[in-house]
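Q: Below are the structure tokens for one structure; questions will follow.
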Amino acid sequence: MKHRPHRAWLVAAIAFIALVGAAGFRATPGVMINPLHEEFGWPLSTISLAVSINLLLYGLTSPFAAALMDRFGIRQVVAWALLLVAAGSGLTVFMAQSWQLILFWGVFVGLGTGSMALAFVATVTNRWFVKHRGIVTGVLTAGGAAGQLVFLPLLALIVEQGTWRFASLTVAFAALAVVPLVLWLLRDHPGEVGLTAYGAPGPVSAPPAPVKGAARRAVRALFSAARTKAFWYLAGGFAICGMTTNGLVGTHFIPAAHDHGMPSTAAAGLLALVGIFDIAGTVFSGWLTDRIDSRVLLGIYYGLRGVSLAILPSLFDATAHPSMLVFIIFYGLDWVATVPPTVALCREHFGADGAVVFGWVFASHQVGAAIAATAAGLVRDSLGEYTVAWYVAACLSVLAAALSMLIAHSGRRDSAAVLGPDRAHAAGQGAEGALTRTPGGEAG
């Protein structure tokens, strides 16, 4: 009899496609900053403010979205999120004032993409996987990079050959196209289809009852986690992660390269290469997370990122010479490799609330990204170049590496204080133990 793949793999595949569809907007700001500046005359700092609001809401929505998925189900939340992304991107073709850019780019798309942020990844992997959880987290995280890979060169070409409005509509249609697939094939819990999570022992469990008070649960999880040093070390490091990726490089790499005479299409192609190597780096990071101390991995990742950013200002030129390509490969492998070990640490320290707590940690990532996006725009407006921004980001990356290594000295002690002895013991036994127990320590 032919063995059929576990349904968890289909759910993971649909989640990956949904993440790719929503990631179209992540590629948009970099290729549209200069066209919007040229058409409307808005300062780069004003356009960067819209990006910052988007990044901020992208993060702050995440923990509430994780709780809403417990209340209303993954399918409904993801479908509505994709519709918001489509509306926000599509409506930009009608805008004439900068406040409309802030509303559409910042608020609509920020809420939509935030509802499908990395807390969505944590929710899917927590519910559907026990075995291979780390590597699946890596693959789904790479969905955002894959979206960048698919959309960035295409959007840059559309902007150069036609208009930024066609690029906005391309993103809107891509998000809309995924909605029917999500409603048809995505499932909220293995129990809906008579299964256990992939690799989980024991009998099939019924789907959990909807959790009421999603916002209250998200806030309660934050206050509980905030009593631990581990949370603040994770949040601080991930805030710097956001500053040095989405906020700075994702938003300002193309304009910075353009300052040195490089065509926007060439710079967009380099960022697409970051996406290619990011996929490989994140999947490999997921594999390593299943085998190596997550704290050590984070320390290495942030340290190497600091080295690469310190070198970057000397590499900008009118053409993509070999040294820049080496940077792109090196930096790309490290782009979001930090996510699988961060998700694992949240799961270890906070057990059943791990996905929601990770949502708050991810919110700090986006707060950092929002600060960096606006700050780098102000640096460029005031100094005429980005050099200071790159050096500050390099120093902050070293600080993130130090914060990550400090987690090892406080995590288990804090977990015992906040989670109670049963859940702290489960965290010490690994992800499997933590996720087979309820907050009270009873078998789940």
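The chains in the structure tokens are called A, B, ... from first to last as shown; in each chain the residues are counted from 1, and the ligands are counted from 1 in the order shown.
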Which residues of region 91-135 of chain A come within 10 Å of region 35-46 of chain A, and for each one, what is the closest pair of atoms and their distance in Å to one decimal, counting only C-alpha atoms, sorted by chain and residue number, as CSV?
A:
residue,atom,partner,partner_atom,distance
A:Ala96,CA,A:Phe40,CA,7.9
A:Gln97,CA,A:Phe40,CA,8.3
A:Ser98,CA,A:Trp42,CA,7.3
A:Trp99,CA,A:Thr46,CA,9.5
A:Leu101,CA,A:Thr46,CA,9.5
A:Ile102,CA,A:Thr46,CA,8.9
Q: For Val379 (chain A), list every protein, DNA or RNA residue within 12 Å, evaluated using only C-alpha atoms, and leave out those in the same chain fewer than 5 positions away; present the list as an MDAnalysis selection string.
A: chainID A and resid 44:45 48 248 252 256 372:374 384:390 392
Q: What is the CA of Gly73 (chain A)-CA of Val339 (chain A) distance in Å, reported with one decimal?
A: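 Separation of CA of Gly73 (chain A) and CA of Val339 (chain A): 23.4 Å.
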Q: Pick the closest to Arg7 (chain A) from A:Thr245, A:Thr196, A:Ser224, A:Gln100: which is it, counting only C-alpha atoms?
A: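 Answer, going by the shortest atom-to-atom distance: A:Thr196.
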Q: Have a look at CA of Ala394 (chain A) and CA of Ala266 (chain A) and let me know their distance in Å, one decimal.
A: 24.3 Å
Q: Give me the residues within 9 Å of Val178 (chain A) as a PyMOL selection string, counting only C-alpha atoms and dropping any in the same chain fewer than 4 places off.
A: chain A and resi 14+17-18+21-22+79+82+173-174+182-183
Q: Excluding Leu10 (chain A) and any residue of its chain fewer than 5 positions from it, enumerate the residues within 10 Å of it, using only C-alpha atoms, and give them as a ChimeraX atom specification.
A: /A:5,15-16,185-187
Q: Could you write out that same residue set with all heavy atoms as a PDB file, in the first residue's frame?
A:
ATOM      1  N   PRO A   5       1.928  11.079   2.266  1.00  0.00           N
ATOM      2  CA  PRO A   5       2.601  12.046   3.145  1.00  0.00           C
ATOM      3  C   PRO A   5       1.631  12.579   4.199  1.00  0.00           C
ATOM      4  O   PRO A   5       0.429  12.698   3.955  1.00  0.00           O
ATOM      5  CB  PRO A   5       3.029  13.159   2.180  1.00  0.00           C
ATOM      6  CG  PRO A   5       3.045  12.528   0.824  1.00  0.00           C
ATOM      7  CD  PRO A   5       1.965  11.488   0.851  1.00  0.00           C
ATOM      8  N   ALA A  15       1.050  27.302   3.748  1.00  0.00           N
ATOM      9  CA  ALA A  15       1.542  28.425   4.556  1.00  0.00           C
ATOM     10  C   ALA A  15       2.704  29.119   3.844  1.00  0.00           C
ATOM     11  O   ALA A  15       2.800  30.349   3.832  1.00  0.00           O
ATOM     12  CB  ALA A  15       1.982  27.929   5.932  1.00  0.00           C
ATOM     13  N   PHE A  16       3.581  28.321   3.230  1.00  0.00           N
ATOM     14  CA  PHE A  16       4.721  28.885   2.493  1.00  0.00           C
ATOM     15  C   PHE A  16       4.239  29.754   1.331  1.00  0.00           C
ATOM     16  O   PHE A  16       4.717  30.875   1.126  1.00  0.00           O
ATOM     17  CB  PHE A  16       5.602  27.743   1.974  1.00  0.00           C
ATOM     18  CG  PHE A  16       6.840  28.203   1.253  1.00  0.00           C
ATOM     19  CD1 PHE A  16       8.014  28.427   1.950  1.00  0.00           C
ATOM     20  CD2 PHE A  16       6.834  28.408  -0.115  1.00  0.00           C
ATOM     21  CE1 PHE A  16       9.162  28.845   1.286  1.00  0.00           C
ATOM     22  CE2 PHE A  16       7.961  28.824  -0.786  1.00  0.00           C
ATOM     23  CZ  PHE A  16       9.139  29.045  -0.074  1.00  0.00           C
ATOM     24  N   LEU A 185      -7.421  24.783   1.278  1.00  0.00           N
ATOM     25  CA  LEU A 185      -6.508  23.722   1.702  1.00  0.00           C
ATOM     26  C   LEU A 185      -5.910  23.892   3.096  1.00  0.00           C
ATOM     27  O   LEU A 185      -5.462  22.909   3.684  1.00  0.00           O
ATOM     28  CB  LEU A 185      -5.358  23.589   0.685  1.00  0.00           C
ATOM     29  CG  LEU A 185      -5.761  23.115  -0.707  1.00  0.00           C
ATOM     30  CD1 LEU A 185      -4.563  23.174  -1.649  1.00  0.00           C
ATOM     31  CD2 LEU A 185      -6.324  21.694  -0.648  1.00  0.00           C
ATOM     32  N   LEU A 186      -5.854  25.107   3.610  1.00  0.00           N
ATOM     33  CA  LEU A 186      -5.238  25.296   4.923  1.00  0.00           C
ATOM     34  C   LEU A 186      -6.182  24.787   6.009  1.00  0.00           C
ATOM     35  O   LEU A 186      -7.395  24.964   5.927  1.00  0.00           O
ATOM     36  CB  LEU A 186      -4.933  26.777   5.148  1.00  0.00           C
ATOM     37  CG  LEU A 186      -3.975  27.119   6.296  1.00  0.00           C
ATOM     38  CD1 LEU A 186      -2.608  26.489   6.086  1.00  0.00           C
ATOM     39  CD2 LEU A 186      -3.838  28.629   6.429  1.00  0.00           C
ATOM     40  N   ARG A 187      -5.635  24.123   7.006  1.00  0.00           N
ATOM     41  CA  ARG A 187      -6.421  23.630   8.136  1.00  0.00           C
ATOM     42  C   ARG A 187      -5.832  24.158   9.434  1.00  0.00           C
ATOM     43  O   ARG A 187      -4.627  24.364   9.547  1.00  0.00           O
ATOM     44  CB  ARG A 187      -6.453  22.091   8.158  1.00  0.00           C
ATOM     45  CG  ARG A 187      -7.278  21.495   7.020  1.00  0.00           C
ATOM     46  CD  ARG A 187      -8.752  21.850   7.165  1.00  0.00           C
ATOM     47  NE  ARG A 187      -9.567  21.296   6.100  1.00  0.00           N
ATOM     48  CZ  ARG A 187      -9.854  21.909   4.962  1.00  0.00           C
ATOM     49  NH1 ARG A 187      -9.355  23.129   4.739  1.00  0.00           N
ATOM     50  NH2 ARG A 187     -10.609  21.350   4.045  1.00  0.00           N
TER      51      ARG A 187
END
Q: So that I can see what lies close to region 113-124 of chain A, please list as a VMD selection string the residues with an atom at most 6 Å from it, counting only C-alpha atoms and leaving out residues fewer than 3 positions away in the same chain.
A: chain A and resid 58 to 59 61 to 62 65 to 66 81 109 to 110 127 to 128 355 359
Q: Here is a test: counting only C-alpha atoms, which residue of A:Ile292, A:Leu297, A:Leu195, A:Ala142 is nearest to Asp278 (chain A)?
A: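 Of A:Ile292, A:Leu297, A:Leu195, A:Ala142, the one nearest Asp278 (chain A) is A:Ala142, counting only C-alpha atoms.
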Q: Can you work out which one of A:Ile329, A:Ala267, A:Met32, A:Val398 has the shortest atom-to-atom distance to Ile279 (chain A), counting only C-alpha atoms?
A: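 Of all the options, A:Ile329 lies closest to Ile279 (chain A).
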Q: Counting only C-alpha atoms, figure out which residue out of A:Gly147, A:Ala272, A:Leu56, A:Thr125 gets nearest to Val107 (chain A).
A: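 Counting only C-alpha atoms, the residue closest to Val107 (chain A) is A:Leu56.
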Q: Pick out the closest residue to Ala175 (chain A) from this set: A:Leu152, A:Cys346, A:Ala8, A:Ala87. Count only C-alpha atoms.
A: A:Ala87
Q: Which of these, A:Ala375, A:Leu157, A:Leu83, A:Ala402, has the shortest distance to Ile47 (chain A) once you count only C-alpha atoms?
A: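 The closest residue to Ile47 (chain A) is A:Ala375.
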Q: Region 323-328 of chain A: which residues within 6 Å, counting only C-alpha atoms, same-chain residues fewer than 4 positions away excluded, as a PyMOL selection string?
A: chain A and resi 274+315+332
Q: I need the chosen residues saved as a PDB file, in the first residue's frame, with N, CA and C atoms.
A:
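And here is the file that came out, out_32.pdb:
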ATOM      1  N   VAL A 274      20.281  38.345  -2.187  1.00  0.00           N
ATOM      2  CA  VAL A 274      20.185  38.191  -0.733  1.00  0.00           C
ATOM      3  C   VAL A 274      19.055  37.218  -0.403  1.00  0.00           C
ATOM      4  N   LEU A 315      32.108  49.117  -0.180  1.00  0.00           N
ATOM      5  CA  LEU A 315      31.839  48.244  -1.324  1.00  0.00           C
ATOM      6  C   LEU A 315      30.921  48.873  -2.367  1.00  0.00           C
ATOM      7  N   GLY A 332      23.394  37.526   2.943  1.00  0.00           N
ATOM      8  CA  GLY A 332      22.168  36.808   2.640  1.00  0.00           C
ATOM      9  C   GLY A 332      22.005  35.549   3.467  1.00  0.00           C
TER      10      GLY A 332
END
Q: If you run DSSP on the backbone, which residues of region 116-249 of chain A are alpha helix (DSSP H), as a compact mmCIF listing (two decimals) with N, CA and C atoms, in the first residue's frame?
A:
# COMPACT_ATOMS: atom_id res chain seq x y z
N LEU A 118 5.88 36.34 11.56
CA LEU A 118 6.52 35.11 11.99
C LEU A 118 5.79 34.40 13.11
N ALA A 119 4.87 35.10 13.81
CA ALA A 119 4.03 34.40 14.78
C ALA A 119 3.13 33.39 14.07
N PHE A 120 2.76 33.67 12.83
CA PHE A 120 2.01 32.71 12.00
C PHE A 120 2.85 31.46 11.78
N VAL A 121 4.14 31.66 11.49
CA VAL A 121 5.05 30.52 11.32
C VAL A 121 5.11 29.70 12.61
N ALA A 122 5.27 30.39 13.74
CA ALA A 122 5.35 29.68 15.02
C ALA A 122 4.07 28.92 15.32
N THR A 123 2.91 29.51 14.99
CA THR A 123 1.62 28.84 15.24
C THR A 123 1.49 27.57 14.41
N VAL A 124 1.82 27.66 13.12
CA VAL A 124 1.72 26.49 12.24
C VAL A 124 2.65 25.38 12.71
N THR A 125 3.91 25.72 13.00
CA THR A 125 4.86 24.67 13.39
C THR A 125 4.52 24.09 14.76
N ASN A 126 4.05 24.93 15.68
CA ASN A 126 3.68 24.42 17.01
C ASN A 126 2.51 23.44 16.92
N ARG A 127 1.54 23.71 16.06
CA ARG A 127 0.35 22.86 15.98
C ARG A 127 0.57 21.60 15.15
N TRP A 128 1.34 21.71 14.07
CA TRP A 128 1.38 20.63 13.09
C TRP A 128 2.65 19.79 13.13
N ARG A 133 10.63 20.21 13.60
CA ARG A 133 10.03 21.52 13.83
C ARG A 133 10.99 22.66 13.47
N GLY A 134 12.26 22.50 13.80
CA GLY A 134 13.24 23.54 13.52
C GLY A 134 13.42 23.81 12.04
N ILE A 135 13.57 22.74 11.28
CA ILE A 135 13.83 22.94 9.85
C ILE A 135 12.58 23.45 9.13
N VAL A 136 11.38 23.03 9.57
CA VAL A 136 10.15 23.57 8.97
C VAL A 136 10.02 25.05 9.28
N THR A 137 10.39 25.45 10.51
CA THR A 137 10.40 26.87 10.85
C THR A 137 11.33 27.63 9.91
N GLY A 138 12.49 27.04 9.63
CA GLY A 138 13.42 27.68 8.71
C GLY A 138 12.86 27.82 7.31
N VAL A 139 12.22 26.78 6.82
CA VAL A 139 11.66 26.81 5.46
C VAL A 139 10.55 27.85 5.36
N LEU A 140 9.64 27.88 6.34
CA LEU A 140 8.54 28.84 6.29
C LEU A 140 9.06 30.27 6.44
N THR A 141 10.05 30.46 7.29
CA THR A 141 10.64 31.79 7.42
C THR A 141 11.24 32.24 6.10
N ALA A 142 11.81 31.29 5.38
CA ALA A 142 12.39 31.60 4.08
C ALA A 142 11.33 31.97 3.05
N GLY A 143 10.04 31.73 3.37
CA GLY A 143 8.97 32.13 2.45
C GLY A 143 9.00 33.62 2.15
N GLY A 144 9.31 34.42 3.18
CA GLY A 144 9.43 35.86 2.96
C GLY A 144 10.56 36.18 2.00
N ALA A 145 11.67 35.48 2.16
CA ALA A 145 12.80 35.68 1.25
C ALA A 145 12.45 35.24 -0.16
N ALA A 146 11.70 34.15 -0.25
CA ALA A 146 11.29 33.69 -1.57
C ALA A 146 10.40 34.72 -2.25
N GLY A 147 9.52 35.37 -1.44
CA GLY A 147 8.69 36.42 -2.00
C GLY A 147 9.52 37.57 -2.53
N GLN A 148 10.55 37.93 -1.75
CA GLN A 148 11.46 38.98 -2.21
C GLN A 148 12.16 38.55 -3.50
N LEU A 149 12.59 37.29 -3.54
CA LEU A 149 13.27 36.77 -4.72
C LEU A 149 12.37 36.82 -5.95
N VAL A 150 11.09 36.48 -5.77
CA VAL A 150 10.16 36.45 -6.90
C VAL A 150 9.80 37.85 -7.35
N PHE A 151 9.53 38.73 -6.38
CA PHE A 151 8.94 40.03 -6.71
C PHE A 151 9.95 41.14 -6.99
N LEU A 152 11.07 41.15 -6.29
CA LEU A 152 11.94 42.32 -6.36
C LEU A 152 12.46 42.63 -7.76
N PRO A 153 13.07 41.67 -8.47
CA PRO A 153 13.52 42.01 -9.82
C PRO A 153 12.36 42.37 -10.75
N LEU A 154 11.23 41.67 -10.59
CA LEU A 154 10.06 41.95 -11.42
C LEU A 154 9.54 43.37 -11.17
N LEU A 155 9.42 43.75 -9.89
CA LEU A 155 8.92 45.08 -9.57
C LEU A 155 9.89 46.17 -10.05
N ALA A 156 11.20 45.91 -9.90
CA ALA A 156 12.19 46.89 -10.37
C ALA A 156 12.09 47.08 -11.87
N LEU A 157 11.88 45.99 -12.61
CA LEU A 157 11.76 46.07 -14.07
C LEU A 157 10.48 46.81 -14.46
N ILE A 158 9.36 46.51 -13.75
CA ILE A 158 8.10 47.19 -14.04
C ILE A 158 8.23 48.69 -13.80
N VAL A 159 8.87 49.06 -12.68
CA VAL A 159 9.03 50.48 -12.36
C VAL A 159 9.89 51.18 -13.41
N GLU A 160 10.95 50.51 -13.85
CA GLU A 160 11.86 51.13 -14.82
C GLU A 160 11.22 51.23 -16.21
N GLN A 161 10.46 50.20 -16.60
CA GLN A 161 9.89 50.18 -17.94
C GLN A 161 8.52 50.85 -18.03
N TRP A 164 5.41 52.94 -11.30
CA TRP A 164 5.31 52.30 -10.00
C TRP A 164 3.88 51.85 -9.73
N ARG A 165 2.88 52.44 -10.38
CA ARG A 165 1.49 52.03 -10.17
C ARG A 165 1.24 50.59 -10.63
N PHE A 166 1.84 50.20 -11.75
CA PHE A 166 1.71 48.81 -12.20
C PHE A 166 2.35 47.85 -11.20
N ALA A 167 3.44 48.30 -10.59
CA ALA A 167 4.10 47.46 -9.58
C ALA A 167 3.18 47.26 -8.37
N SER A 168 2.51 48.32 -7.93
CA SER A 168 1.58 48.20 -6.81
C SER A 168 0.44 47.24 -7.12
N LEU A 169 -0.09 47.33 -8.33
CA LEU A 169 -1.18 46.43 -8.72
C LEU A 169 -0.71 44.98 -8.82
N THR A 170 0.54 44.76 -9.22
CA THR A 170 1.10 43.41 -9.28
C THR A 170 1.10 42.77 -7.90
N VAL A 171 1.53 43.54 -6.90
CA VAL A 171 1.53 43.04 -5.53
C VAL A 171 0.11 42.74 -5.06
N ALA A 172 -0.84 43.62 -5.38
CA ALA A 172 -2.24 43.43 -4.96
C ALA A 172 -2.81 42.15 -5.56
N PHE A 173 -2.60 41.92 -6.84
CA PHE A 173 -3.13 40.73 -7.49
C PHE A 173 -2.48 39.46 -6.94
N ALA A 174 -1.19 39.53 -6.65
CA ALA A 174 -0.51 38.35 -6.10
C ALA A 174 -1.10 37.95 -4.75
N ALA A 175 -1.37 38.93 -3.89
CA ALA A 175 -1.96 38.62 -2.59
C ALA A 175 -3.37 38.05 -2.75
N LEU A 176 -4.16 38.64 -3.66
CA LEU A 176 -5.52 38.14 -3.88
C LEU A 176 -5.53 36.72 -4.40
N ALA A 177 -4.57 36.37 -5.24
CA ALA A 177 -4.55 35.06 -5.87
C ALA A 177 -4.38 33.93 -4.86
N VAL A 178 -3.78 34.23 -3.70
CA VAL A 178 -3.51 33.19 -2.71
C VAL A 178 -4.73 32.90 -1.84
N VAL A 179 -5.67 33.85 -1.74
CA VAL A 179 -6.80 33.71 -0.82
C VAL A 179 -7.61 32.43 -1.06
N PRO A 180 -8.02 32.10 -2.30
CA PRO A 180 -8.80 30.87 -2.49
C PRO A 180 -8.04 29.61 -2.07
N LEU A 181 -6.73 29.61 -2.29
CA LEU A 181 -5.91 28.46 -1.91
C LEU A 181 -5.90 28.27 -0.40
N VAL A 182 -5.80 29.36 0.32
CA VAL A 182 -5.80 29.31 1.79
C VAL A 182 -7.14 28.77 2.31
N LEU A 183 -8.24 29.29 1.77
CA LEU A 183 -9.56 28.86 2.24
C LEU A 183 -9.84 27.41 1.90
N TRP A 184 -9.28 26.94 0.82
CA TRP A 184 -9.55 25.57 0.35
C TRP A 184 -8.71 24.52 1.08
N LEU A 185 -7.42 24.78 1.28
CA LEU A 185 -6.51 23.72 1.70
C LEU A 185 -5.91 23.89 3.10
N ALA A 214 -8.77 37.00 22.94
CA ALA A 214 -7.47 36.90 22.29
C ALA A 214 -6.55 38.04 22.71
N ALA A 215 -7.05 39.26 22.73
CA ALA A 215 -6.22 40.40 23.09
C ALA A 215 -5.76 40.29 24.55
N ARG A 216 -6.67 39.86 25.41
CA ARG A 216 -6.32 39.71 26.83
C ARG A 216 -5.24 38.65 27.02
N ARG A 217 -5.35 37.56 26.26
CA ARG A 217 -4.34 36.52 26.38
C ARG A 217 -2.97 37.02 25.90
N ALA A 218 -2.97 37.78 24.80
CA ALA A 218 -1.70 38.29 24.27
C ALA A 218 -1.04 39.22 25.28
N VAL A 219 -1.82 40.10 25.90
CA VAL A 219 -1.27 41.02 26.89
C VAL A 219 -0.80 40.27 28.13
N ARG A 220 -1.58 39.27 28.55
CA ARG A 220 -1.20 38.49 29.73
C ARG A 220 0.12 37.74 29.49
N ALA A 221 0.27 37.20 28.29
CA ALA A 221 1.52 36.51 27.96
C ALA A 221 2.70 37.47 27.99
N LEU A 222 2.48 38.70 27.53
CA LEU A 222 3.55 39.70 27.56
C LEU A 222 3.95 40.02 28.99
N PHE A 223 2.98 40.28 29.87
CA PHE A 223 3.31 40.63 31.24
C PHE A 223 4.01 39.48 31.96
N SER A 224 3.60 38.27 31.66
CA SER A 224 4.26 37.11 32.28
C SER A 224 5.70 36.99 31.79
N ALA A 225 5.89 37.09 30.47
CA ALA A 225 7.23 36.95 29.90
C ALA A 225 8.15 38.09 30.32
N LYS A 229 14.44 37.77 32.48
CA LYS A 229 15.56 38.38 31.77
C LYS A 229 15.65 37.83 30.35
N ALA A 230 15.33 36.53 30.21
CA ALA A 230 15.42 35.91 28.88
C ALA A 230 14.60 36.66 27.85
N PHE A 231 13.39 37.09 28.22
CA PHE A 231 12.54 37.82 27.28
C PHE A 231 13.21 39.11 26.83
N TRP A 232 13.79 39.85 27.76
CA TRP A 232 14.38 41.14 27.40
C TRP A 232 15.66 40.96 26.57
N TYR A 233 16.41 39.91 26.85
CA TYR A 233 17.58 39.64 26.01
C TYR A 233 17.15 39.27 24.58
N LEU A 234 16.11 38.43 24.49
CA LEU A 234 15.60 38.05 23.17
C LEU A 234 15.02 39.24 22.44
N ALA A 235 14.21 40.04 23.13
CA ALA A 235 13.58 41.20 22.51
C ALA A 235 14.61 42.24 22.10
N GLY A 236 15.61 42.48 22.94
CA GLY A 236 16.65 43.45 22.60
C GLY A 236 17.46 43.01 21.39
N GLY A 237 17.84 41.74 21.37
CA GLY A 237 18.59 41.24 20.22
C GLY A 237 17.78 41.26 18.94
N PHE A 238 16.50 40.93 19.06
CA PHE A 238 15.67 40.88 17.85
C PHE A 238 15.32 42.29 17.37
N ALA A 239 15.27 43.27 18.27
CA ALA A 239 15.07 44.66 17.84
C ALA A 239 16.24 45.10 16.97
N ILE A 240 17.44 44.73 17.38
CA ILE A 240 18.63 45.05 16.58
C ILE A 240 18.62 44.28 15.27
N CYS A 241 18.11 43.05 15.31
CA CYS A 241 17.97 42.27 14.08
C CYS A 241 17.10 43.03 13.08
N GLY A 242 15.98 43.59 13.55
CA GLY A 242 15.11 44.36 12.67
C GLY A 242 15.77 45.61 12.14
Q: As an exercise, work out the distance from CA of Ala337 (chain A) to CA of Val357 (chain A) in Å and give it to one decimal place.
A: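 Rounded to one decimal, the two atoms are 19.0 Å apart.
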